[in-house]
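Structure, as structure tokens:
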Amino acid sequence: MCERKPKTKRRGKPRTEQKIRERQTAFRFIENEHVEFEVSGDLAMFSDPLVSIGGERTTYSVPTCEAVEGVTKSVYWKPTFLWVVDQVRVMNPIETEVIGTKLKSVKDGKNDLAYYTYLSHVRYQVRAHIEWNMNRPEYELDRNPKKHYTIFARALLHGGRLPVFLGKSECTASVRPCVFGEGEGAYDHAGTISFGNMYHSITYPDEAYSEETKQMLTLNISPITMKNGVITYPPASACLHQKIHEEKEFKIFPKAMERRQQDLARLAEKERKEHAAAH
């Protein structure tokens with residue numbers, strides 16, 4: 001009879017130097033309390049939602065603040081906090097590509113040809129940080145920066161928790177950790193380039209930053225300038241043009257509020273016992 005070979009543990013693929021370096025880069029976020037990553041894709045569409053209702057769409061030359069926030073949220077997000085985009089670095093030359101598509105005509109319902117102008121072969125470096133959402137008191141006990149930056153780092157190494165898009169759903173993208181400012185960019189020595197007033201973002205009721213923006217949808221528009229390839233976005237509260245778009249109430253999460261009350265009661269009981277034991 002032939003002897004059976006002893007079972008050996010199955011081991012996964014060994015990590016390459018690049019994977020090890022990316023992991024080390026990702027977990028630096030925990031100490032620095034901000035995130036840095038690179039997003040790239042074949043196509044991107046950053047358009048103004050107010051003028052993109054019709055058949056033909058044309059992209060901005062650079063990403064909007066809300067589009068970059070959407071990429072960051074696709075990696076990891078909770079109602080506990082808000083992502084604030086600090087800077088975006090444009091790595092590849094700004095190039096456009098026109099693609100024709102068939103749409104239903106509004107007049108007779110027949111197919112009509114429309115042209116979409118996309119950005120092609122884009123790559124950006126992003127730096128962002130977390131700010132607590134004070135409009136969500138039910139998540140007060142979840143405000144632990146180390147926890148959320150750790151989860152973000154792990155999700156980033158796996159490409160994000162949700163599919164990543166650059167503006168539109170057909171513009172899929174990939175993300176990976178990086179060091180902001182590392183590598184050569186196409187506009188490192190281009191000086192200052194102004195893109196005029198651009199759509200910045202929409203502030204939703206649960207993201208309100210003032211009494212005026214509570215229970216409202218607020219449209220934010222701001223002038224965007226790129227200095228040596230780096231775009232610094234102003235906060236929504238500092239935008240030059242703000243237009244109240246529509247009144248809207250935001251939803252309270254009852255389970256989260258109930259869990260918060262239970263946690264507060266548990267903490268109060270623990271403090272009472274410790275106080276009684278001390279005396």
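Naming works like this for the structure tokens: A, B, ... for the chains as they're shown, residue 1 at the start of each chain, ligands 1 onward in shown order.
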Could you name the residues that touch A:Val122 at 7 Å or less, counting only C-alpha atoms, but leaving out those on the same chain fewer than 4 positions away, as a list in words?
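Non-adjacent residues within range: Ser40, Gly41, Asp42, Leu43 and Asn92 of chain A.
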Would you list the contacts of A:Val126 as a PyMOL selection string, taking every protein, DNA or RNA residue within 6 Å and counting only C-alpha atoms, but skipping same-chain residues closer than 2 positions in sequence?
chain A and resi 36-37+88
Would you write out those residues with N, CA and C atoms, as an mmCIF file, in the first residue's frame?
data_model
loop_
_atom_site.group_PDB
_atom_site.id
_atom_site.type_symbol
_atom_site.label_atom_id
_atom_site.label_comp_id
_atom_site.auth_asym_id
_atom_site.auth_seq_id
_atom_site.Cartn_x
_atom_site.Cartn_y
_atom_site.Cartn_z
ATOM 1 N N GLU A 36 -5.061 59.641 0.847
ATOM 2 C CA GLU A 36 -4.448 59.975 -0.433
ATOM 3 C C GLU A 36 -4.551 58.743 -1.325
ATOM 4 N N PHE A 37 -5.102 58.927 -2.506
ATOM 5 C CA PHE A 37 -5.234 57.801 -3.419
ATOM 6 C C PHE A 37 -5.240 58.302 -4.857
ATOM 7 N N VAL A 88 -6.888 68.001 -5.641
ATOM 8 C CA VAL A 88 -6.828 67.016 -6.727
ATOM 9 C C VAL A 88 -5.678 67.397 -7.646
#
Counting only C-alpha atoms, closest pick from A:Tyr139, A:Tyr115, A:Phe180, A:Tyr204 relative to A:Thr59 is A:Tyr115
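Using only C-alpha atoms, the contacts of A:Arg23 at a cut-off of 12 Å, with sequence neighbours closer than 4 positions omitted, comprise Arg15, Thr16, Glu17, Gln18, Lys19, Phe27, Arg28, Phe29, Phe37, Thr150, Phe152, Ala153, Arg154, Ala155, Leu156, Leu157, His158, Arg176, Pro177, Cys178 and Val179 of chain A.
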Excluding A:Ala128 and its own-chain neighbours fewer than 2 positions away, which residues fall within 10 Å of it when counting only C-alpha atoms? Please give them as a list in words.
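In the requested format, the answer is Glu33, His34, Val35, Glu36, Phe37, Val68, Glu69, Thr72, Trp83, Val84, Val85, Asp86, Gln87, Val88, Val126, Ile130 and Glu131 of chain A.
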For A:Tyr118, please output as a ChimeraX atom specification all residues within 6 Å (counting only C-alpha atoms; exclusion window: fewer than 2 positions along the same chain).
/A:44-45,59,96-97
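Distances to A:Arg57 were evaluated for A:Leu267, A:Leu119, A:Ala26, A:Met134 using only C-alpha atoms, and the minimum falls at A:Leu119.
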Residues of stretch 22-217 of chain A in strand (DSSP E), written as a PyMOL selection string:
chain A and resi 35-44+57-58+81-90+96-104+111-132+165-166+168-172+174-177+192-203+216-217
Write the residues of the preceding selection, restricted to C-alpha atoms, as a PDB file, in the first residue's frame.
ATOM      1  CA  VAL A  35      -6.477  59.921   2.759  1.00  0.00           C
ATOM      2  CA  GLU A  36      -4.448  59.975  -0.433  1.00  0.00           C
ATOM      3  CA  PHE A  37      -5.234  57.801  -3.419  1.00  0.00           C
ATOM      4  CA  GLU A  38      -5.106  57.686  -7.207  1.00  0.00           C
ATOM      5  CA  VAL A  39      -8.120  57.202  -9.464  1.00  0.00           C
ATOM      6  CA  SER A  40      -7.823  56.447 -13.177  1.00  0.00           C
ATOM      7  CA  GLY A  41     -10.086  55.451 -16.050  1.00  0.00           C
ATOM      8  CA  ASP A  42     -10.458  55.375 -19.804  1.00  0.00           C
ATOM      9  CA  LEU A  43     -13.359  57.858 -19.859  1.00  0.00           C
ATOM     10  CA  ALA A  44     -14.732  60.569 -17.570  1.00  0.00           C
ATOM     11  CA  ARG A  57     -23.505  66.353 -22.991  1.00  0.00           C
ATOM     12  CA  THR A  58     -20.105  67.997 -22.748  1.00  0.00           C
ATOM     13  CA  PHE A  81     -19.082  61.802   8.612  1.00  0.00           C
ATOM     14  CA  LEU A  82     -18.666  63.890   5.477  1.00  0.00           C
ATOM     15  CA  TRP A  83     -15.794  63.584   3.018  1.00  0.00           C
ATOM     16  CA  VAL A  84     -14.060  66.901   2.344  1.00  0.00           C
ATOM     17  CA  VAL A  85     -11.855  66.981  -0.761  1.00  0.00           C
ATOM     18  CA  ASP A  86      -8.755  69.082  -0.102  1.00  0.00           C
ATOM     19  CA  GLN A  87      -6.846  68.828  -3.388  1.00  0.00           C
ATOM     20  CA  VAL A  88      -6.828  67.016  -6.727  1.00  0.00           C
ATOM     21  CA  ARG A  89      -3.720  66.674  -8.887  1.00  0.00           C
ATOM     22  CA  VAL A  90      -4.163  66.214 -12.643  1.00  0.00           C
ATOM     23  CA  THR A  96     -11.410  64.761 -25.038  1.00  0.00           C
ATOM     24  CA  GLU A  97     -13.169  62.089 -27.064  1.00  0.00           C
ATOM     25  CA  VAL A  98     -16.527  62.444 -28.825  1.00  0.00           C
ATOM     26  CA  ILE A  99     -18.764  59.364 -28.861  1.00  0.00           C
ATOM     27  CA  GLY A 100     -22.061  59.149 -30.733  1.00  0.00           C
ATOM     28  CA  THR A 101     -25.047  57.422 -29.144  1.00  0.00           C
ATOM     29  CA  LYS A 102     -28.676  56.802 -30.046  1.00  0.00           C
ATOM     30  CA  LEU A 103     -31.386  58.353 -27.887  1.00  0.00           C
ATOM     31  CA  LYS A 104     -35.171  58.410 -28.086  1.00  0.00           C
ATOM     32  CA  ASN A 111     -34.009  57.083 -32.496  1.00  0.00           C
ATOM     33  CA  ASP A 112     -32.011  60.273 -32.618  1.00  0.00           C
ATOM     34  CA  LEU A 113     -28.218  60.654 -32.771  1.00  0.00           C
ATOM     35  CA  ALA A 114     -26.527  62.519 -29.922  1.00  0.00           C
ATOM     36  CA  TYR A 115     -22.876  63.251 -29.219  1.00  0.00           C
ATOM     37  CA  TYR A 116     -21.258  62.943 -25.803  1.00  0.00           C
ATOM     38  CA  THR A 117     -17.894  64.627 -25.223  1.00  0.00           C
ATOM     39  CA  TYR A 118     -15.838  62.708 -22.641  1.00  0.00           C
ATOM     40  CA  LEU A 119     -12.421  63.166 -21.120  1.00  0.00           C
ATOM     41  CA  SER A 120     -10.164  60.286 -22.163  1.00  0.00           C
ATOM     42  CA  HIS A 121      -7.356  58.449 -20.350  1.00  0.00           C
ATOM     43  CA  VAL A 122      -7.649  60.375 -17.091  1.00  0.00           C
ATOM     44  CA  ARG A 123      -5.621  59.930 -13.914  1.00  0.00           C
ATOM     45  CA  TYR A 124      -5.902  61.983 -10.732  1.00  0.00           C
ATOM     46  CA  GLN A 125      -4.318  62.028  -7.304  1.00  0.00           C
ATOM     47  CA  VAL A 126      -6.741  62.909  -4.509  1.00  0.00           C
ATOM     48  CA  ARG A 127      -6.260  64.156  -0.956  1.00  0.00           C
ATOM     49  CA  ALA A 128      -9.294  64.291   1.374  1.00  0.00           C
ATOM     50  CA  HIS A 129     -10.203  64.154   5.051  1.00  0.00           C
ATOM     51  CA  ILE A 130     -13.173  63.354   7.296  1.00  0.00           C
ATOM     52  CA  GLU A 131     -15.378  65.891   9.098  1.00  0.00           C
ATOM     53  CA  TRP A 132     -18.109  64.767  11.476  1.00  0.00           C
ATOM     54  CA  PHE A 165     -17.364  55.983 -11.532  1.00  0.00           C
ATOM     55  CA  LEU A 166     -15.904  59.199 -12.889  1.00  0.00           C
ATOM     56  CA  LYS A 168     -21.298  58.920 -15.100  1.00  0.00           C
ATOM     57  CA  SER A 169     -22.044  55.226 -14.668  1.00  0.00           C
ATOM     58  CA  GLU A 170     -20.504  54.315 -18.037  1.00  0.00           C
ATOM     59  CA  CYS A 171     -17.170  55.842 -16.954  1.00  0.00           C
ATOM     60  CA  THR A 172     -15.840  53.094 -14.703  1.00  0.00           C
ATOM     61  CA  SER A 174     -10.071  52.016 -10.531  1.00  0.00           C
ATOM     62  CA  VAL A 175      -8.484  53.303  -7.311  1.00  0.00           C
ATOM     63  CA  ARG A 176      -5.249  52.530  -5.507  1.00  0.00           C
ATOM     64  CA  PRO A 177      -3.199  54.073  -2.663  1.00  0.00           C
ATOM     65  CA  THR A 192      -1.984  79.005 -13.150  1.00  0.00           C
ATOM     66  CA  ILE A 193      -4.909  77.947 -15.351  1.00  0.00           C
ATOM     67  CA  SER A 194      -8.426  79.281 -14.665  1.00  0.00           C
ATOM     68  CA  PHE A 195     -11.532  77.305 -15.630  1.00  0.00           C
ATOM     69  CA  GLY A 196     -14.037  79.994 -14.659  1.00  0.00           C
ATOM     70  CA  ASN A 197     -17.162  79.354 -12.601  1.00  0.00           C
ATOM     71  CA  MET A 198     -17.931  75.654 -12.356  1.00  0.00           C
ATOM     72  CA  TYR A 199     -20.560  73.531 -10.694  1.00  0.00           C
ATOM     73  CA  HIS A 200     -19.145  72.638  -7.264  1.00  0.00           C
ATOM     74  CA  SER A 201     -21.698  70.463  -5.501  1.00  0.00           C
ATOM     75  CA  ILE A 202     -25.201  70.208  -4.084  1.00  0.00           C
ATOM     76  CA  THR A 203     -25.579  70.500  -0.319  1.00  0.00           C
ATOM     77  CA  MET A 216     -33.024  72.757   1.616  1.00  0.00           C
ATOM     78  CA  LEU A 217     -31.195  71.585  -1.472  1.00  0.00           C
TER      79      LEU A 217
END
Please, which residues of stretch 205-239 of chain A, numbered as in this document, come out helix (DSSP H, G or I) from DSSP, as a list in words?
Pro205, Asp206, Glu207, Ala236, Ser237 and Ala238 of chain A
Determine the nearest neighbour of A:Lys214 from the options A:Gly191, A:Glu140, A:Asn135, A:Val230, counting only C-alpha atoms.
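Result for the nearest residue to A:Lys214: A:Asn135.
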Option closest in space to A:Pro234, from A:Thr64, A:Gln24, A:Asp48, A:Glu95 [counting only C-alpha atoms]
A:Thr64
Kindly indicate which residue among A:Asp108, A:Asn220, A:Ser210, A:Ala276 lies nearest to A:Tyr233, using only C-alpha atoms for the distances.
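Selected residue with least distance to A:Tyr233: A:Asn220.
When only C-alpha atoms are used to compute distances to A:Gln262, the closest of the residues A:Leu141, A:Val75, A:Ile221, A:Ala238 turns out to be A:Leu141.
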If you measure from atom CA of A:Pro163 to atom CA of A:Pro79, what distance in Å do you get, rounded to one decimal?
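Going from atom CA of A:Pro163 over to atom CA of A:Pro79 covers 18.7 Å.
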Between atom CA of A:Pro63 and atom CA of A:Ser47, distance in Å (one decimal):
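Here the two named atoms are 8.7 Å from each other.
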